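Asker: Could you have a look at this structure, given as structure tokens, before my questions?
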Amino acid sequence: MSLRRGALWLLPGLILAAAAVLARPGASYAYQDRETVLAGSSLQHPAGTDDLGRDRLVRVSGALLISLTGSLVAAAITTAAAAGVGTLAAFGPAVVGWSAMLVCDVFLALPWMFLLMMVRAAMPLTTSPAHSASITFLVLAALGWPACARAVYRGAVAQRTSGWMLHARSTGLRRAQVIHHILPNLLPLLIPQFLVSIPAFVIAEANLGALGLGISEPLPSWGGMLFELNNSAMLLETRWVYFPLALLIVVLLALEGAAAEA
Amino acid sequence: MRPSGIVLIASAGLLLLAARSIAAQEGPRLPGELVWTIGYDPKTFDPAKVDDQESETVRYLTAGVLLRFNRLTQQVEPDLAQSWTVSPDGRTVRFTLRPGLEFSDGSSLTARDVVWSLRRVLLPATQAPVGEEFLEPDKVSVEAFDDRTIVVHLPERVIGIGKVFDEIAIEPAGRPSDGRVTSGPFYVSGYRRSQNISLRRNAHYFDKDVAGHALPYASGIRLDIEENTEQEIRLFRRGDYDLIDNLPPDYFELLKRTEPASVRDLGPSLNTEQMWFNQSPASPLPDWEKAWFRNRAFRVAVSQAIHRDDLARIAYEGHATPAYSFISPANTVWYDRSLTAPHTDVAEARAALQAAGFRRQGSVLLGPDAHPVRFSILTDTDNAARLKMATLIQQDLAALGMQVTVVTLDFPALIDRLMHTQDYEACLLGLENVDPDPNAMMNLWLSSSPNHQWNPSEKTPATPWEAEIDRLMKLQASTGLDAVRRQAVDRVQQIVADEQPFIYLVYPNLLVAYSPRLEGVRPAVLEPHLTWNADRLKLRGQDER
């Protein structure tokens, strides 16, 4: 329990620390100090530099903020879409419910990795790194809602057959009149779905980046930095290459802990 | 996208890795056998139809040829032919075979087999890529005068005709065997798809060493199919593999630390890494961008802003050489040492852009039409060095006020953009040159060629300098005079340096590793770098056949 409470404090702490690192005068995630490539820890670069001479601490901080912000937005979109689709499917006509769940199943069956590769190939080449980051998370959100929608659907169906609903209907209220009471009753389901989605999106972005399909250079991303671990030659150069991985694990544990505590 | 889905994907990935590792665990090597890897399954074992690198590897090791292009001396030498002559007009080539030649199954090799093999690659139905090197294969005639004499009549002179015969395997007449009956040092004895290819020693091979010992020394070669460099290096360090050709620079450094006696940097390779701007009128780019890319001052300024030393030092860990021409200094015959090319000079680049109508607004460069100079550099996902170079160039060009986006695409998607839609602005790729003769680059320089990357398949040359390149390349391909060829190729190098249609970046160094136990290795800059004399390679202490 105390660990979970700690996680609640750890996350804001990490975010504040990352923001402070990025706000330092002269901090740049893109600047290449070409004379200090793959350097170890120093006063100037506390976590050393990467293979292009860029400050690893600044880049990891940037990746943390981008990843959390993007994942938060993607999780919000996913949860909102799932709430809409799940509720509509449960309370709409049977054909709507059946069709909505069919669409969910089709989405779940999609080979999303290939879909993402296709989206990436079709994107305008001049898409800026910031836009590429936004598109990456939006695509993840677009592909991530069906599983959540299925859970919401099951919850909404349970609400439809619950005692308070039967009571309300027996008093003569139509479905449309009670539907605005549904959402508050679904919150205990939606909030965990939202919280659980955040680390899932963090990992998904890291996976995509590690495959070279995520956020484009020079914007920092977990995946881009984890890509370095793919190369055993790099692992011998500096131990700081493990720093992004270590922080990612801490962030994921903190997010899971926060979700469990909530 | 659910956590359980991610776990499943991760588990599947681990299982796949484990399966691959198990697949690569081959049994112990046979006595006297050499083992190394190739990257993928050869597309064909038919030596006449070779069109990919790994098929070429197998052909090189198995095929007996009339003439062999010595990768070290870069001279054509008789192989199955005892002697050969070319008529003064270059249209008649006469070969005399060595006496007593035999195929690996013990049958005799005569002029009849040679005529059959040559005619086979010339037949349109065979679709032999090497047939195209005769320029007009349907007009070539081949005759046997007796059991050992063959005459080839050509409709016109073919520059470097000797090297063409290095690519034609002599097979038993009427019995094509996909490399199982050969006249070369080895023959194919087994193939397990995605696992390995076994080659066995041809006991009837004609060649001997100076001491009179029959070649090849090795009892066989096993080529493991392994595309994972990490795995290849691990097994090399364990002694399972005898050599690694073309090491990436970071892995070279890794091996240098642990096995310093096994690695060698052979200096610049024949290959080039370059970037270019899309100048095709058919591309869907806006007119102002096309105008920038066609502007010589713009291209030269970009070239001058790039710090090639940094590219070589950082992207290749020092194992590359700054490049200014399409011919590498490793190509000692054709490299022009008097070439003048724009070197790094950011101040001059800024001044040239200003003179061409570009101007700065804060940190942003505006074109003559007031559009901010913003473009993307496309490169392939799988090449870490290219991605690093593109990211370094991104910062170099920011010094001129150019905003560059680096985009990586998987190779098929990239080729689709380059060859079909032409929907790209700039591209950074490499070119592998296997033949040092500039004639081999005709398809790159002729403006009508689909491989004329910056503006493919031009109906007529778009610029006077492209017309001049066309004329000079055709001249060098048709004249038999070495001095005229030399002059024409030097001039093409200078035009390319002046106009910068390709902005050459680096010549990657040739990095190799081979076991200190492997004897007879004489590395060459031409492919196959370490195994061109495979018949003379053997492991110390292994003489069994």
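By convention here, the chains of the structure tokens are called A, B, ... in the order presented, each chain's residues are numbered starting at 1, and ligands are numbered starting at 1 in the order presented.
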Using only C-alpha atoms, select each residue of chain B with any atom at most 9 Å away from an atom of chain A, and give the selection as a PyMOL selection string.
Answerer: chain B and resi 1-3+6+230+250-255+310+314-315+374-378+381-382+388+391-392+394-395+404-410+413-414+423-425
Asker: Please write the residues from the selection above to a file, keeping N, CA and C atoms, as an mmCIF file, in the first residue's frame.
Answerer:
data_model
loop_
_atom_site.group_PDB
_atom_site.id
_atom_site.type_symbol
_atom_site.label_atom_id
_atom_site.label_comp_id
_atom_site.auth_asym_id
_atom_site.auth_seq_id
_atom_site.Cartn_x
_atom_site.Cartn_y
_atom_site.Cartn_z
ATOM 1 N N MET B 1 -3.210 -3.757 -28.405
ATOM 2 C CA MET B 1 -3.016 -2.520 -27.688
ATOM 3 C C MET B 1 -3.245 -2.689 -26.198
ATOM 4 N N ARG B 2 -3.978 -3.761 -25.782
ATOM 5 C CA ARG B 2 -4.158 -3.994 -24.350
ATOM 6 C C ARG B 2 -2.847 -4.493 -23.773
ATOM 7 N N PRO B 3 -2.680 -4.318 -22.451
ATOM 8 C CA PRO B 3 -1.439 -4.821 -21.860
ATOM 9 C C PRO B 3 -1.224 -6.295 -22.170
ATOM 10 N N ILE B 6 0.153 -6.677 -25.524
ATOM 11 C CA ILE B 6 1.573 -6.299 -25.592
ATOM 12 C C ILE B 6 2.436 -7.433 -25.055
ATOM 13 N N GLU B 230 24.213 -9.582 -34.745
ATOM 14 C CA GLU B 230 24.562 -9.910 -33.356
ATOM 15 C C GLU B 230 24.910 -11.401 -33.231
ATOM 16 N N ASP B 250 30.183 -0.046 -35.687
ATOM 17 C CA ASP B 250 30.088 -0.223 -34.235
ATOM 18 C C ASP B 250 30.466 -1.644 -33.831
ATOM 19 N N TYR B 251 30.094 -2.617 -34.644
ATOM 20 C CA TYR B 251 30.463 -3.999 -34.332
ATOM 21 C C TYR B 251 31.954 -4.229 -34.577
ATOM 22 N N PHE B 252 32.501 -3.506 -35.521
ATOM 23 C CA PHE B 252 33.944 -3.592 -35.752
ATOM 24 C C PHE B 252 34.682 -3.162 -34.489
ATOM 25 N N GLU B 253 34.216 -2.050 -33.908
ATOM 26 C CA GLU B 253 34.857 -1.551 -32.688
ATOM 27 C C GLU B 253 34.696 -2.546 -31.539
ATOM 28 N N LEU B 254 33.522 -3.179 -31.480
ATOM 29 C CA LEU B 254 33.278 -4.179 -30.432
ATOM 30 C C LEU B 254 34.259 -5.338 -30.573
ATOM 31 N N LEU B 255 34.399 -5.848 -31.804
ATOM 32 C CA LEU B 255 35.314 -6.973 -32.021
ATOM 33 C C LEU B 255 36.766 -6.555 -31.814
ATOM 34 N N ASP B 310 32.711 15.108 -39.802
ATOM 35 C CA ASP B 310 31.867 14.693 -38.672
ATOM 36 C C ASP B 310 31.058 13.450 -39.039
ATOM 37 N N ILE B 314 31.567 10.439 -36.654
ATOM 38 C CA ILE B 314 30.496 10.111 -35.715
ATOM 39 C C ILE B 314 29.609 8.971 -36.240
ATOM 40 N N ALA B 315 29.151 9.104 -37.483
ATOM 41 C CA ALA B 315 28.221 8.083 -37.993
ATOM 42 C C ALA B 315 28.946 6.766 -38.279
ATOM 43 N N ARG B 374 12.261 24.584 -46.395
ATOM 44 C CA ARG B 374 11.905 23.496 -45.497
ATOM 45 C C ARG B 374 11.772 22.232 -46.356
ATOM 46 N N PHE B 375 12.481 21.195 -46.027
ATOM 47 C CA PHE B 375 12.344 19.964 -46.815
ATOM 48 C C PHE B 375 12.705 18.756 -45.955
ATOM 49 N N SER B 376 12.387 17.604 -46.477
ATOM 50 C CA SER B 376 12.679 16.374 -45.736
ATOM 51 C C SER B 376 13.783 15.597 -46.425
ATOM 52 N N ILE B 377 14.544 14.871 -45.616
ATOM 53 C CA ILE B 377 15.532 13.930 -46.156
ATOM 54 C C ILE B 377 15.033 12.532 -45.834
ATOM 55 N N LEU B 378 14.890 11.764 -46.895
ATOM 56 C CA LEU B 378 14.364 10.411 -46.769
ATOM 57 C C LEU B 378 15.524 9.431 -46.702
ATOM 58 N N THR B 381 15.031 2.768 -42.985
ATOM 59 C CA THR B 381 14.913 2.506 -41.545
ATOM 60 C C THR B 381 16.054 1.649 -41.011
ATOM 61 N N ASP B 382 16.538 0.735 -41.850
ATOM 62 C CA ASP B 382 17.433 -0.309 -41.330
ATOM 63 C C ASP B 382 18.898 0.087 -41.238
ATOM 64 N N LYS B 388 22.004 8.413 -38.692
ATOM 65 C CA LYS B 388 22.892 9.337 -37.973
ATOM 66 C C LYS B 388 23.370 10.445 -38.910
ATOM 67 N N THR B 391 20.680 12.965 -39.466
ATOM 68 C CA THR B 391 20.458 13.812 -38.287
ATOM 69 C C THR B 391 21.592 14.820 -38.128
ATOM 70 N N LEU B 392 22.805 14.433 -38.473
ATOM 71 C CA LEU B 392 23.926 15.378 -38.427
ATOM 72 C C LEU B 392 23.746 16.461 -39.492
ATOM 73 N N GLN B 394 20.977 17.469 -40.662
ATOM 74 C CA GLN B 394 19.876 18.314 -40.180
ATOM 75 C C GLN B 394 20.433 19.506 -39.400
ATOM 76 N N GLN B 395 21.383 19.232 -38.515
ATOM 77 C CA GLN B 395 21.966 20.336 -37.736
ATOM 78 C C GLN B 395 22.885 21.197 -38.600
ATOM 79 N N VAL B 404 15.097 21.040 -41.782
ATOM 80 C CA VAL B 404 15.113 19.706 -42.390
ATOM 81 C C VAL B 404 14.402 18.714 -41.485
ATOM 82 N N THR B 405 13.541 17.916 -42.084
ATOM 83 C CA THR B 405 12.906 16.813 -41.364
ATOM 84 C C THR B 405 13.552 15.521 -41.848
ATOM 85 N N VAL B 406 13.897 14.664 -40.907
ATOM 86 C CA VAL B 406 14.472 13.365 -41.285
ATOM 87 C C VAL B 406 13.362 12.326 -41.236
ATOM 88 N N VAL B 407 13.189 11.633 -42.334
ATOM 89 C CA VAL B 407 12.130 10.615 -42.410
ATOM 90 C C VAL B 407 12.749 9.274 -42.760
ATOM 91 N N THR B 408 12.424 8.265 -41.965
ATOM 92 C CA THR B 408 12.898 6.922 -42.300
ATOM 93 C C THR B 408 11.710 6.088 -42.763
ATOM 94 N N LEU B 409 11.923 5.349 -43.807
ATOM 95 C CA LEU B 409 10.888 4.452 -44.325
ATOM 96 C C LEU B 409 11.488 3.081 -44.544
ATOM 97 N N ASP B 410 10.642 2.057 -44.477
ATOM 98 C CA ASP B 410 11.163 0.738 -44.826
ATOM 99 C C ASP B 410 11.493 0.736 -46.323
ATOM 100 N N ALA B 413 8.823 0.858 -49.249
ATOM 101 C CA ALA B 413 8.087 2.132 -49.305
ATOM 102 C C ALA B 413 8.986 3.236 -49.854
ATOM 103 N N LEU B 414 10.261 3.181 -49.495
ATOM 104 C CA LEU B 414 11.214 4.192 -49.966
ATOM 105 C C LEU B 414 11.413 4.074 -51.486
ATOM 106 N N ASP B 423 7.508 11.119 -55.019
ATOM 107 C CA ASP B 423 7.006 12.041 -54.011
ATOM 108 C C ASP B 423 8.000 12.115 -52.843
ATOM 109 N N TYR B 424 9.079 12.840 -53.053
ATOM 110 C CA TYR B 424 10.070 13.060 -52.002
ATOM 111 C C TYR B 424 10.855 14.309 -52.365
ATOM 112 N N GLU B 425 11.537 14.856 -51.391
ATOM 113 C CA GLU B 425 12.295 16.084 -51.646
ATOM 114 C C GLU B 425 13.789 15.794 -51.765
#
Asker: If you count only C-alpha atoms, which residues fall within 7 Å of range 155-168 of chain B, apart from same-chain ones fewer than 3 positions away, as a PDB file with N, CA and C atoms, in the first residue's frame?
Answerer:
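Now in result13.pdb:
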ATOM      1  N   ALA B  48      23.358 -19.185 -64.521  1.00  0.00           N
ATOM      2  CA  ALA B  48      23.031 -18.283 -65.633  1.00  0.00           C
ATOM      3  C   ALA B  48      22.020 -17.222 -65.209  1.00  0.00           C
ATOM      4  N   VAL B  65      35.018 -20.773 -64.796  1.00  0.00           N
ATOM      5  CA  VAL B  65      34.808 -19.743 -65.819  1.00  0.00           C
ATOM      6  C   VAL B  65      36.018 -19.716 -66.756  1.00  0.00           C
ATOM      7  N   LEU B  66      35.791 -19.184 -67.947  1.00  0.00           N
ATOM      8  CA  LEU B  66      36.906 -19.136 -68.901  1.00  0.00           C
ATOM      9  C   LEU B  66      37.997 -18.189 -68.406  1.00  0.00           C
ATOM     10  N   LEU B  67      37.547 -17.014 -67.925  1.00  0.00           N
ATOM     11  CA  LEU B  67      38.496 -16.007 -67.448  1.00  0.00           C
ATOM     12  C   LEU B  67      38.088 -15.582 -66.046  1.00  0.00           C
ATOM     13  N   ARG B  68      39.040 -15.269 -65.210  1.00  0.00           N
ATOM     14  CA  ARG B  68      38.739 -14.817 -63.854  1.00  0.00           C
ATOM     15  C   ARG B  68      39.294 -13.404 -63.686  1.00  0.00           C
ATOM     16  N   PHE B  69      38.438 -12.502 -63.187  1.00  0.00           N
ATOM     17  CA  PHE B  69      38.884 -11.145 -62.889  1.00  0.00           C
ATOM     18  C   PHE B  69      39.497 -11.178 -61.495  1.00  0.00           C
ATOM     19  N   VAL B  76      42.343  -9.304 -65.631  1.00  0.00           N
ATOM     20  CA  VAL B  76      41.664 -10.513 -66.099  1.00  0.00           C
ATOM     21  C   VAL B  76      42.716 -11.591 -66.330  1.00  0.00           C
ATOM     22  N   ASP B  89      39.911  -5.179 -83.748  1.00  0.00           N
ATOM     23  CA  ASP B  89      38.654  -4.414 -83.784  1.00  0.00           C
ATOM     24  C   ASP B  89      37.749  -4.755 -82.591  1.00  0.00           C
ATOM     25  N   GLY B  90      38.216  -5.647 -81.725  1.00  0.00           N
ATOM     26  CA  GLY B  90      37.483  -5.983 -80.502  1.00  0.00           C
ATOM     27  C   GLY B  90      36.263  -6.843 -80.738  1.00  0.00           C
ATOM     28  N   ARG B  91      36.083  -7.379 -81.958  1.00  0.00           N
ATOM     29  CA  ARG B  91      34.842  -8.095 -82.256  1.00  0.00           C
ATOM     30  C   ARG B  91      34.987  -9.612 -82.276  1.00  0.00           C
ATOM     31  N   VAL B 130      23.574 -11.601 -67.266  1.00  0.00           N
ATOM     32  CA  VAL B 130      24.903 -11.376 -67.838  1.00  0.00           C
ATOM     33  C   VAL B 130      24.837 -11.247 -69.360  1.00  0.00           C
ATOM     34  N   GLU B 133      25.225  -7.851 -70.929  1.00  0.00           N
ATOM     35  CA  GLU B 133      26.535  -7.192 -70.986  1.00  0.00           C
ATOM     36  C   GLU B 133      27.195  -7.326 -72.352  1.00  0.00           C
ATOM     37  N   PHE B 134      26.637  -8.196 -73.206  1.00  0.00           N
ATOM     38  CA  PHE B 134      27.141  -8.293 -74.582  1.00  0.00           C
ATOM     39  C   PHE B 134      26.505  -7.215 -75.469  1.00  0.00           C
ATOM     40  N   LYS B 139      22.931 -10.998 -81.412  1.00  0.00           N
ATOM     41  CA  LYS B 139      23.796 -10.945 -82.597  1.00  0.00           C
ATOM     42  C   LYS B 139      25.177 -11.544 -82.330  1.00  0.00           C
ATOM     43  N   VAL B 140      25.331 -12.120 -81.161  1.00  0.00           N
ATOM     44  CA  VAL B 140      26.619 -12.745 -80.821  1.00  0.00           C
ATOM     45  C   VAL B 140      26.588 -14.204 -81.295  1.00  0.00           C
ATOM     46  N   ALA B 477      32.276   4.382 -73.355  1.00  0.00           N
ATOM     47  CA  ALA B 477      31.768   3.014 -73.512  1.00  0.00           C
ATOM     48  C   ALA B 477      32.030   2.457 -74.905  1.00  0.00           C
ATOM     49  N   SER B 478      32.431   3.338 -75.838  1.00  0.00           N
ATOM     50  CA  SER B 478      32.567   2.861 -77.211  1.00  0.00           C
ATOM     51  C   SER B 478      34.008   2.867 -77.705  1.00  0.00           C
TER      52      SER B 478
END
Asker: Show me, as a PyMOL selection string, the residues that have an atom within 12 Å of Tyr217 in chain B when counting only C-alpha atoms, minus same-chain residues fewer than 3 positions from it.
Answerer: chain B and resi 31-34+185-186+200-203+205+207-209+212-214+220-221+518-520+533-545
Asker: Write the residues of the selection above to a file with N, CA and C atoms, as a CSV table (one decimal), in the first residue's frame.
Answerer:
chain,number,residue,atom,x,y,z
B,31,PRO,N,35.4,-32.1,-40.9
B,31,PRO,CA,36.9,-31.8,-41.0
B,31,PRO,C,37.3,-31.1,-42.2
B,32,GLY,N,38.1,-30.0,-42.0
B,32,GLY,CA,38.6,-29.3,-43.2
B,32,GLY,C,37.6,-28.3,-43.8
B,33,GLU,N,36.4,-28.2,-43.1
B,33,GLU,CA,35.4,-27.3,-43.7
B,33,GLU,C,35.5,-25.9,-43.2
B,34,LEU,N,35.2,-24.9,-44.1
B,34,LEU,CA,35.2,-23.5,-43.7
B,34,LEU,C,33.7,-23.1,-43.6
B,185,PRO,N,35.9,-24.7,-58.1
B,185,PRO,CA,36.6,-25.3,-56.9
B,185,PRO,C,35.6,-26.1,-56.0
B,186,PHE,N,34.4,-25.7,-56.0
B,186,PHE,CA,33.4,-26.4,-55.1
B,186,PHE,C,32.1,-26.7,-55.9
B,200,ARG,N,30.9,-28.8,-51.4
B,200,ARG,CA,32.0,-29.8,-51.3
B,200,ARG,C,33.1,-29.5,-52.2
B,201,ARG,N,34.2,-30.0,-51.9
B,201,ARG,CA,35.4,-29.8,-52.7
B,201,ARG,C,35.3,-30.6,-54.0
B,202,ASN,N,35.6,-29.9,-55.1
B,202,ASN,CA,35.6,-30.6,-56.5
B,202,ASN,C,37.0,-31.3,-56.6
B,203,ALA,N,37.0,-32.6,-56.5
B,203,ALA,CA,38.2,-33.3,-56.6
B,203,ALA,C,38.8,-33.3,-58.0
B,205,TYR,N,38.9,-30.5,-59.9
B,205,TYR,CA,39.3,-29.1,-60.2
B,205,TYR,C,40.7,-29.0,-60.8
B,207,ASP,N,43.1,-26.6,-60.9
B,207,ASP,CA,44.1,-25.8,-60.4
B,207,ASP,C,45.0,-26.4,-59.3
B,208,LYS,N,46.2,-26.0,-59.3
B,208,LYS,CA,47.2,-26.5,-58.2
B,208,LYS,C,48.0,-25.3,-57.7
B,209,ASP,N,48.5,-25.4,-56.5
B,209,ASP,CA,49.3,-24.4,-56.0
B,209,ASP,C,50.8,-24.5,-56.5
B,212,GLY,N,52.4,-27.7,-56.3
B,212,GLY,CA,51.8,-28.8,-57.0
B,212,GLY,C,50.7,-29.5,-56.2
B,213,HIS,N,50.3,-28.9,-55.1
B,213,HIS,CA,49.2,-29.5,-54.3
B,213,HIS,C,47.8,-29.1,-55.0
B,214,ALA,N,46.9,-30.1,-55.1
B,214,ALA,CA,45.7,-29.8,-55.7
B,214,ALA,C,44.8,-28.8,-54.9
B,220,GLY,N,35.4,-28.4,-47.9
B,220,GLY,CA,34.1,-27.9,-48.2
B,220,GLY,C,33.9,-26.5,-47.6
B,221,ILE,N,32.7,-26.0,-47.9
B,221,ILE,CA,32.3,-24.7,-47.3
B,221,ILE,C,30.9,-24.8,-46.8
B,518,LEU,N,42.7,-18.7,-39.9
B,518,LEU,CA,42.4,-18.9,-41.3
B,518,LEU,C,43.6,-18.5,-42.1
B,519,GLU,N,44.1,-19.4,-42.9
B,519,GLU,CA,45.3,-19.1,-43.7
B,519,GLU,C,45.0,-18.8,-45.1
B,520,GLY,N,45.8,-18.0,-45.7
B,520,GLY,CA,45.6,-17.7,-47.2
B,520,GLY,C,44.8,-16.5,-47.5
B,533,ASN,N,39.7,-15.8,-53.2
B,533,ASN,CA,40.6,-16.9,-53.4
B,533,ASN,C,40.2,-18.1,-52.5
B,534,ALA,N,38.9,-18.4,-52.4
B,534,ALA,CA,38.4,-19.4,-51.5
B,534,ALA,C,39.1,-20.7,-51.7
B,535,ASP,N,39.6,-21.0,-52.9
B,535,ASP,CA,40.3,-22.3,-53.2
B,535,ASP,C,41.6,-22.4,-52.4
B,536,ARG,N,42.1,-21.2,-52.0
B,536,ARG,CA,43.4,-21.3,-51.3
B,536,ARG,C,43.3,-21.0,-49.8
B,537,LEU,N,42.1,-21.0,-49.3
B,537,LEU,CA,41.8,-20.8,-47.8
B,537,LEU,C,41.8,-22.1,-47.1
B,538,LYS,N,42.4,-22.1,-45.9
B,538,LYS,CA,42.2,-23.3,-45.0
B,538,LYS,C,42.5,-22.8,-43.6
B,539,LEU,N,41.9,-23.6,-42.7
B,539,LEU,CA,42.2,-23.4,-41.3
B,539,LEU,C,43.4,-24.1,-40.8
B,540,ARG,N,44.2,-23.3,-40.1
B,540,ARG,CA,45.5,-23.9,-39.6
B,540,ARG,C,45.2,-25.2,-38.8
B,541,GLY,N,46.0,-26.2,-39.1
B,541,GLY,CA,45.8,-27.5,-38.4
B,541,GLY,C,44.7,-28.3,-38.9
B,542,GLN,N,44.0,-27.9,-40.0
B,542,GLN,CA,43.0,-28.8,-40.6
B,542,GLN,C,43.3,-29.0,-42.0
B,543,ASP,N,43.9,-30.1,-42.3
B,543,ASP,CA,44.3,-30.5,-43.7
B,543,ASP,C,43.5,-31.6,-44.2
B,544,GLU,N,42.5,-32.1,-43.4
B,544,GLU,CA,41.8,-33.3,-43.9
B,544,GLU,C,40.8,-32.8,-45.0
B,545,ARG,N,40.7,-33.7,-46.0
B,545,ARG,CA,39.7,-33.4,-47.1
B,545,ARG,C,38.6,-34.4,-47.1
Asker: Distance CA of Ser71 in chain A-CA of Phe137 in chain A, one decimal place?
Answerer: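 Rounded to one decimal, the two atoms are 6.8 Å apart.
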Asker: Would you please give, as a count of residues only, all residues of range 296-516 of chain B that DSSP assigns to strand (DSSP E) based on the backbone?
Answerer: 42
Asker: What is the distance between CA of Leu400 in chain B and CA of Ser303 in chain B, in Å to one decimal?
Answerer: 11.4 Å
Asker: Leaving out range 455-471 of chain B and any residue of its chain fewer than 5 positions from it, which residues lie within 6 Å of it when counting only C-alpha atoms, given as a PyMOL selection string?
Answerer: chain B and resi 279-280+446-450+492
